[in-house]
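Raw contents of upload-v2.cif, mmCIF, C-alpha atoms:
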```cif
data_upload
#
loop_
_atom_site.label_atom_id
_atom_site.label_comp_id
_atom_site.auth_asym_id
_atom_site.auth_seq_id
_atom_site.Cartn_x
_atom_site.Cartn_y
_atom_site.Cartn_z
CA MET A 261 -18.80 -16.90 -27.20
CA ASP A 262 -18.63 -20.46 -28.50
CA ILE A 263 -15.58 -22.18 -30.00
CA GLN A 264 -16.87 -21.91 -33.56
CA THR A 265 -17.35 -18.16 -33.27
CA LYS A 266 -13.85 -17.74 -31.80
CA THR A 267 -12.42 -19.85 -34.62
CA ASP A 268 -14.23 -17.76 -37.23
CA ILE A 269 -12.94 -14.52 -35.70
CA ILE A 270 -9.34 -15.81 -35.60
CA HIS A 271 -9.67 -16.99 -39.20
CA GLN A 272 -10.85 -13.53 -40.28
CA LYS A 273 -8.13 -11.74 -38.27
CA ILE A 274 -5.42 -13.84 -39.94
CA TYR A 275 -6.95 -13.20 -43.36
CA ASP A 276 -7.09 -9.46 -42.66
CA PHE A 277 -3.45 -9.57 -41.56
CA LEU A 278 -2.53 -11.24 -44.85
CA LEU A 279 -4.26 -8.43 -46.72
CA TYR A 280 -2.25 -5.93 -44.67
CA ILE A 281 1.15 -7.64 -44.94
CA TYR A 282 1.14 -8.76 -48.60
CA PRO A 283 1.79 -5.29 -50.08
CA LEU A 284 4.57 -4.74 -47.52
CA LEU A 285 6.25 -8.04 -48.37
CA THR A 286 6.43 -7.08 -52.03
CA LYS A 287 8.50 -4.05 -51.00
CA TYR A 288 11.25 -6.15 -49.43
CA PRO A 289 14.58 -5.97 -51.27
CA LYS A 290 14.65 -8.10 -54.43
CA TYR A 291 17.39 -10.33 -53.03
CA GLU A 292 14.99 -11.35 -50.22
CA LYS A 293 12.26 -12.50 -52.61
CA PHE A 294 13.09 -16.20 -52.22
CA SER A 295 14.20 -16.15 -48.61
CA LEU A 296 12.85 -13.80 -45.92
CA GLN A 297 9.90 -12.62 -48.00
CA THR A 298 8.84 -16.17 -48.87
CA ALA A 299 9.43 -17.51 -45.36
CA THR A 300 7.31 -14.75 -43.84
CA ARG A 301 4.49 -15.21 -46.33
CA ASN A 302 4.54 -18.99 -45.86
CA ALA A 303 4.44 -18.74 -42.06
CA ILE A 304 1.38 -16.48 -42.18
CA LEU A 305 -0.30 -18.65 -44.81
CA GLU A 306 0.39 -21.67 -42.62
CA MET A 307 -1.49 -19.96 -39.79
CA LEU A 308 -4.51 -19.57 -42.04
CA GLN A 309 -4.30 -23.13 -43.40
CA GLU A 310 -4.02 -24.65 -39.94
CA VAL A 311 -7.03 -22.69 -38.64
CA ILE A 312 -9.02 -24.08 -41.57
CA LYS A 313 -7.82 -27.61 -40.74
CA TRP A 314 -8.75 -27.08 -37.07
CA ASP A 315 -12.19 -25.88 -38.14
CA LYS A 316 -12.73 -28.98 -40.28
CA THR A 317 -11.21 -31.65 -38.02
CA ALA A 318 -11.25 -30.26 -34.44
CA THR A 319 -7.78 -31.76 -34.00
CA LYS A 320 -5.99 -29.78 -31.28
CA SER A 321 -2.57 -30.14 -32.86
CA HIS A 322 -3.63 -27.73 -35.61
CA LEU A 323 -4.05 -24.98 -33.01
CA TYR A 324 -0.52 -25.60 -31.71
CA THR A 325 0.77 -25.40 -35.27
CA VAL A 326 -1.00 -22.05 -35.67
CA ASP A 327 0.71 -20.88 -32.48
CA THR A 328 4.11 -22.01 -33.75
CA ALA A 329 3.60 -20.31 -37.12
CA LEU A 330 2.49 -17.16 -35.28
CA GLN A 331 5.74 -17.08 -33.31
CA GLU A 332 7.73 -17.72 -36.48
CA SER A 333 5.93 -14.83 -38.21
CA LYS A 334 6.75 -12.49 -35.33
CA GLU A 335 10.44 -13.42 -35.47
CA LEU A 336 10.66 -13.01 -39.25
CA LEU A 337 9.00 -9.60 -39.14
CA ARG A 338 11.31 -8.59 -36.31
CA LEU A 339 14.29 -9.63 -38.42
CA ALA A 340 13.07 -7.52 -41.35
CA HIS A 341 12.64 -4.58 -38.98
CA ASP A 342 16.09 -5.07 -37.43
CA LEU A 343 17.61 -5.26 -40.92
CA LYS A 344 16.04 -1.83 -41.49
CA TYR A 345 13.97 -2.77 -44.52
CA SER A 346 11.87 0.25 -45.39
CA ALA A 347 8.80 -1.95 -45.85
CA MET A 348 9.04 -2.91 -42.19
CA ASN A 349 9.68 0.53 -40.71
CA ALA A 350 8.70 1.35 -37.14
CA ARG A 351 5.11 2.17 -38.04
CA HIS A 352 4.49 -1.00 -40.06
CA TYR A 353 6.37 -3.16 -37.58
CA GLY A 354 4.36 -1.74 -34.68
CA GLU A 355 1.07 -2.31 -36.49
CA SER A 356 2.12 -5.84 -37.46
CA CYS A 357 3.06 -6.62 -33.87
CA ARG A 358 -0.25 -5.25 -32.62
CA LYS A 359 -2.24 -7.37 -35.08
CA LEU A 360 -0.24 -10.52 -34.34
CA LYS A 361 -0.52 -9.96 -30.60
CA GLU A 362 -4.29 -9.67 -30.94
CA ILE A 363 -4.38 -12.94 -32.88
CA GLY A 364 -2.09 -14.55 -30.31
CA VAL A 365 -4.26 -13.54 -27.35
CA MET A 366 -7.38 -14.87 -29.05
CA LEU A 367 -5.60 -18.06 -30.06
CA GLY A 368 -4.29 -18.59 -26.52
CA LYS A 369 -7.79 -18.28 -25.11
CA LEU A 370 -9.13 -20.72 -27.68
CA ILE A 371 -6.38 -23.24 -26.91
CA GLU A 372 -7.11 -22.98 -23.18
CA GLU A 373 -10.81 -23.47 -23.76
CA VAL A 374 -10.20 -26.50 -25.97
CA LYS A 375 -7.78 -27.99 -23.42
CA THR A 376 -10.35 -27.75 -20.63
CA ARG A 377 -13.13 -29.13 -22.82
CA LYS A 378 -13.41 -32.90 -22.81
#
```

Can the structure from this file be put into structure tokens for me?
Amino acid sequence: MDIQTKTDIIHQKIYDFLLYIYPLLTKYPKYEKFSLQTATRNAILEMLQEVIKWDKTATKSHLYTVDTALQESKELLRLAHDLKYSAMNARHYGESCRKLKEIGVMLGKLIEEVKTRK
């Protein structure tokens, strides 16, 4: 599979994750609307934006930014789960972790391939 195909798949996986997580984020407590909810949404949107920038520029640093935003997203979702928000119950948290792990594995492989390519 070539780099462009891998990039397209990662882009679609992140987009699909956004479609999954958006309805859950709206169910966070109202007092989290401008903090944890916004931070989580922004981290995931940043992943998508940086993949688009990588696709357009082929600048490696965008992939590292995606990786950083991915880790941030994981931590923010974990926090919501640990705070026992009903929107991030065990089932939703497990599914979110599975989806983010899948994105992370694919991203890691892409980063390794780009690093070895000269």

Computed gap from atom CA of Arg358 of chain A to atom CA of Lys334 of chain A is 10.4 Å

- Task: Check what the PyMOL selection byres ((chain A and resi 360) around 12) selects in the file above and give those residues as a ChimeraX atom specification.
- Result: /A:270,273-278,280-281,304,307,326-327,329-335,337-338,353-359,361-368

Nearest to Thr267 of chain A, restricted to all atoms listed in the file and choosing among A:Thr325, A:Ile312, A:Pro289, A:Tyr282, comes out as A:Ile312

| task | Can you turn the PyMOL selection byres ((chain A and resi 315) around 12) into a concrete residue list for this file, as a PyMOL selection string? | result | chain A and resi 263-271+308-314+316-323

**Message:** Could you list, as a count of residues only, every residue within 7 Å of segment 290-302 of chain A, counting all atoms listed in the file and ignoring same-chain residues fewer than 4 positions away?
**Reply:** 4

Next item on the list: Mind giving me the straight-line distance from atom CA of Tyr324 of chain A to atom CA of Met261 of chain A in Å, one decimal?
Entry: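 One can read the atom CA of Tyr324 of chain A to atom CA of Met261 of chain A distance as 20.7 Å.
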
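Between atom CA of Glu373 of chain A and atom CA of Leu305 of chain A the interatomic distance comes to 24.0 Å.
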
Handout entry: All residues 7 Å or closer to segment 345-350 of chain A, only C-alpha atoms, same chain fewer than 6 positions away omitted, as a list in words
Key =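 The contact residues come out as Leu284, Lys287 and Tyr288 of chain A.
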
How about saving the chosen residues, C-alpha atoms kept, as a PDB file, in the frame of the given file?
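File written: again_10.pdb
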```
ATOM      1  CA  LEU A 284       4.570  -4.740 -47.520  1.00  0.00           C
ATOM      2  CA  LYS A 287       8.500  -4.050 -51.000  1.00  0.00           C
ATOM      3  CA  TYR A 288      11.250  -6.150 -49.430  1.00  0.00           C
TER       4      TYR A 288
END
```

Your completed segment 261-286 of chain A with N, CA and C atoms, as a PDB file, keeping the file's coordinate frame:
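Just written: rebuild-v2.pdb:
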```pdb
ATOM      1  N   MET A 261     -19.065 -16.656 -25.789  1.00  0.00           N
ATOM      2  CA  MET A 261     -18.800 -16.900 -27.200  1.00  0.00           C
ATOM      3  C   MET A 261     -18.370 -18.363 -27.360  1.00  0.00           C
ATOM      4  N   ASP A 262     -18.954 -19.050 -28.321  1.00  0.00           N
ATOM      5  CA  ASP A 262     -18.630 -20.460 -28.500  1.00  0.00           C
ATOM      6  C   ASP A 262     -17.339 -20.638 -29.303  1.00  0.00           C
ATOM      7  N   ILE A 263     -16.853 -21.869 -29.343  1.00  0.00           N
ATOM      8  CA  ILE A 263     -15.580 -22.180 -30.000  1.00  0.00           C
ATOM      9  C   ILE A 263     -15.640 -21.870 -31.490  1.00  0.00           C
ATOM     10  N   GLN A 264     -16.746 -22.170 -32.124  1.00  0.00           N
ATOM     11  CA  GLN A 264     -16.870 -21.910 -33.560  1.00  0.00           C
ATOM     12  C   GLN A 264     -16.768 -20.424 -33.869  1.00  0.00           C
ATOM     13  N   THR A 265     -17.410 -19.616 -33.061  1.00  0.00           N
ATOM     14  CA  THR A 265     -17.350 -18.160 -33.270  1.00  0.00           C
ATOM     15  C   THR A 265     -15.925 -17.655 -33.075  1.00  0.00           C
ATOM     16  N   LYS A 266     -15.246 -18.143 -32.038  1.00  0.00           N
ATOM     17  CA  LYS A 266     -13.850 -17.740 -31.800  1.00  0.00           C
ATOM     18  C   LYS A 266     -12.969 -18.160 -32.977  1.00  0.00           C
ATOM     19  N   THR A 267     -13.192 -19.365 -33.470  1.00  0.00           N
ATOM     20  CA  THR A 267     -12.420 -19.850 -34.620  1.00  0.00           C
ATOM     21  C   THR A 267     -12.662 -18.966 -35.837  1.00  0.00           C
ATOM     22  N   ASP A 268     -13.904 -18.619 -36.082  1.00  0.00           N
ATOM     23  CA  ASP A 268     -14.230 -17.760 -37.230  1.00  0.00           C
ATOM     24  C   ASP A 268     -13.576 -16.390 -37.111  1.00  0.00           C
ATOM     25  N   ILE A 269     -13.558 -15.836 -35.911  1.00  0.00           N
ATOM     26  CA  ILE A 269     -12.940 -14.520 -35.700  1.00  0.00           C
ATOM     27  C   ILE A 269     -11.429 -14.602 -35.935  1.00  0.00           C
ATOM     28  N   ILE A 270     -10.790 -15.637 -35.396  1.00  0.00           N
ATOM     29  CA  ILE A 270      -9.340 -15.810 -35.600  1.00  0.00           C
ATOM     30  C   ILE A 270      -9.044 -15.979 -37.089  1.00  0.00           C
ATOM     31  N   HIS A 271      -9.838 -16.780 -37.765  1.00  0.00           N
ATOM     32  CA  HIS A 271      -9.670 -16.990 -39.200  1.00  0.00           C
ATOM     33  C   HIS A 271      -9.718 -15.640 -39.942  1.00  0.00           C
ATOM     34  N   GLN A 272     -10.705 -14.819 -39.615  1.00  0.00           N
ATOM     35  CA  GLN A 272     -10.850 -13.530 -40.280  1.00  0.00           C
ATOM     36  C   GLN A 272      -9.701 -12.585 -39.930  1.00  0.00           C
ATOM     37  N   LYS A 273      -9.252 -12.607 -38.683  1.00  0.00           N
ATOM     38  CA  LYS A 273      -8.130 -11.740 -38.270  1.00  0.00           C
ATOM     39  C   LYS A 273      -6.856 -12.110 -39.036  1.00  0.00           C
ATOM     40  N   ILE A 274      -6.604 -13.405 -39.199  1.00  0.00           N
ATOM     41  CA  ILE A 274      -5.420 -13.840 -39.940  1.00  0.00           C
ATOM     42  C   ILE A 274      -5.545 -13.423 -41.408  1.00  0.00           C
ATOM     43  N   TYR A 275      -6.717 -13.602 -41.969  1.00  0.00           N
ATOM     44  CA  TYR A 275      -6.950 -13.200 -43.360  1.00  0.00           C
ATOM     45  C   TYR A 275      -6.735 -11.688 -43.528  1.00  0.00           C
ATOM     46  N   ASP A 276      -7.267 -10.918 -42.609  1.00  0.00           N
ATOM     47  CA  ASP A 276      -7.090  -9.460 -42.660  1.00  0.00           C
ATOM     48  C   ASP A 276      -5.606  -9.089 -42.533  1.00  0.00           C
ATOM     49  N   PHE A 277      -4.880  -9.831 -41.695  1.00  0.00           N
ATOM     50  CA  PHE A 277      -3.450  -9.570 -41.560  1.00  0.00           C
ATOM     51  C   PHE A 277      -2.725  -9.873 -42.869  1.00  0.00           C
ATOM     52  N   LEU A 278      -3.126 -10.934 -43.546  1.00  0.00           N
ATOM     53  CA  LEU A 278      -2.530 -11.240 -44.850  1.00  0.00           C
ATOM     54  C   LEU A 278      -2.758 -10.094 -45.834  1.00  0.00           C
ATOM     55  N   LEU A 279      -3.969  -9.561 -45.836  1.00  0.00           N
ATOM     56  CA  LEU A 279      -4.260  -8.430 -46.720  1.00  0.00           C
ATOM     57  C   LEU A 279      -3.391  -7.214 -46.379  1.00  0.00           C
ATOM     58  N   TYR A 280      -3.089  -7.041 -45.106  1.00  0.00           N
ATOM     59  CA  TYR A 280      -2.250  -5.930 -44.670  1.00  0.00           C
ATOM     60  C   TYR A 280      -0.776  -6.158 -45.043  1.00  0.00           C
ATOM     61  N   ILE A 281      -0.292  -7.382 -44.831  1.00  0.00           N
ATOM     62  CA  ILE A 281       1.150  -7.640 -44.940  1.00  0.00           C
ATOM     63  C   ILE A 281       1.602  -7.899 -46.383  1.00  0.00           C
ATOM     64  N   TYR A 282       0.731  -8.423 -47.224  1.00  0.00           N
ATOM     65  CA  TYR A 282       1.140  -8.760 -48.600  1.00  0.00           C
ATOM     66  C   TYR A 282       1.776  -7.586 -49.340  1.00  0.00           C
ATOM     67  N   PRO A 283       1.148  -6.409 -49.368  1.00  0.00           N
ATOM     68  CA  PRO A 283       1.790  -5.290 -50.080  1.00  0.00           C
ATOM     69  C   PRO A 283       3.141  -4.904 -49.469  1.00  0.00           C
ATOM     70  N   LEU A 284       3.286  -5.071 -48.164  1.00  0.00           N
ATOM     71  CA  LEU A 284       4.570  -4.740 -47.520  1.00  0.00           C
ATOM     72  C   LEU A 284       5.643  -5.749 -47.922  1.00  0.00           C
ATOM     73  N   LEU A 285       5.267  -7.021 -48.002  1.00  0.00           N
ATOM     74  CA  LEU A 285       6.250  -8.040 -48.370  1.00  0.00           C
ATOM     75  C   LEU A 285       6.792  -7.817 -49.778  1.00  0.00           C
ATOM     76  N   THR A 286       5.957  -7.320 -50.665  1.00  0.00           N
ATOM     77  CA  THR A 286       6.430  -7.080 -52.030  1.00  0.00           C
ATOM     78  C   THR A 286       7.446  -5.940 -52.100  1.00  0.00           C
TER      79      THR A 286
END
```
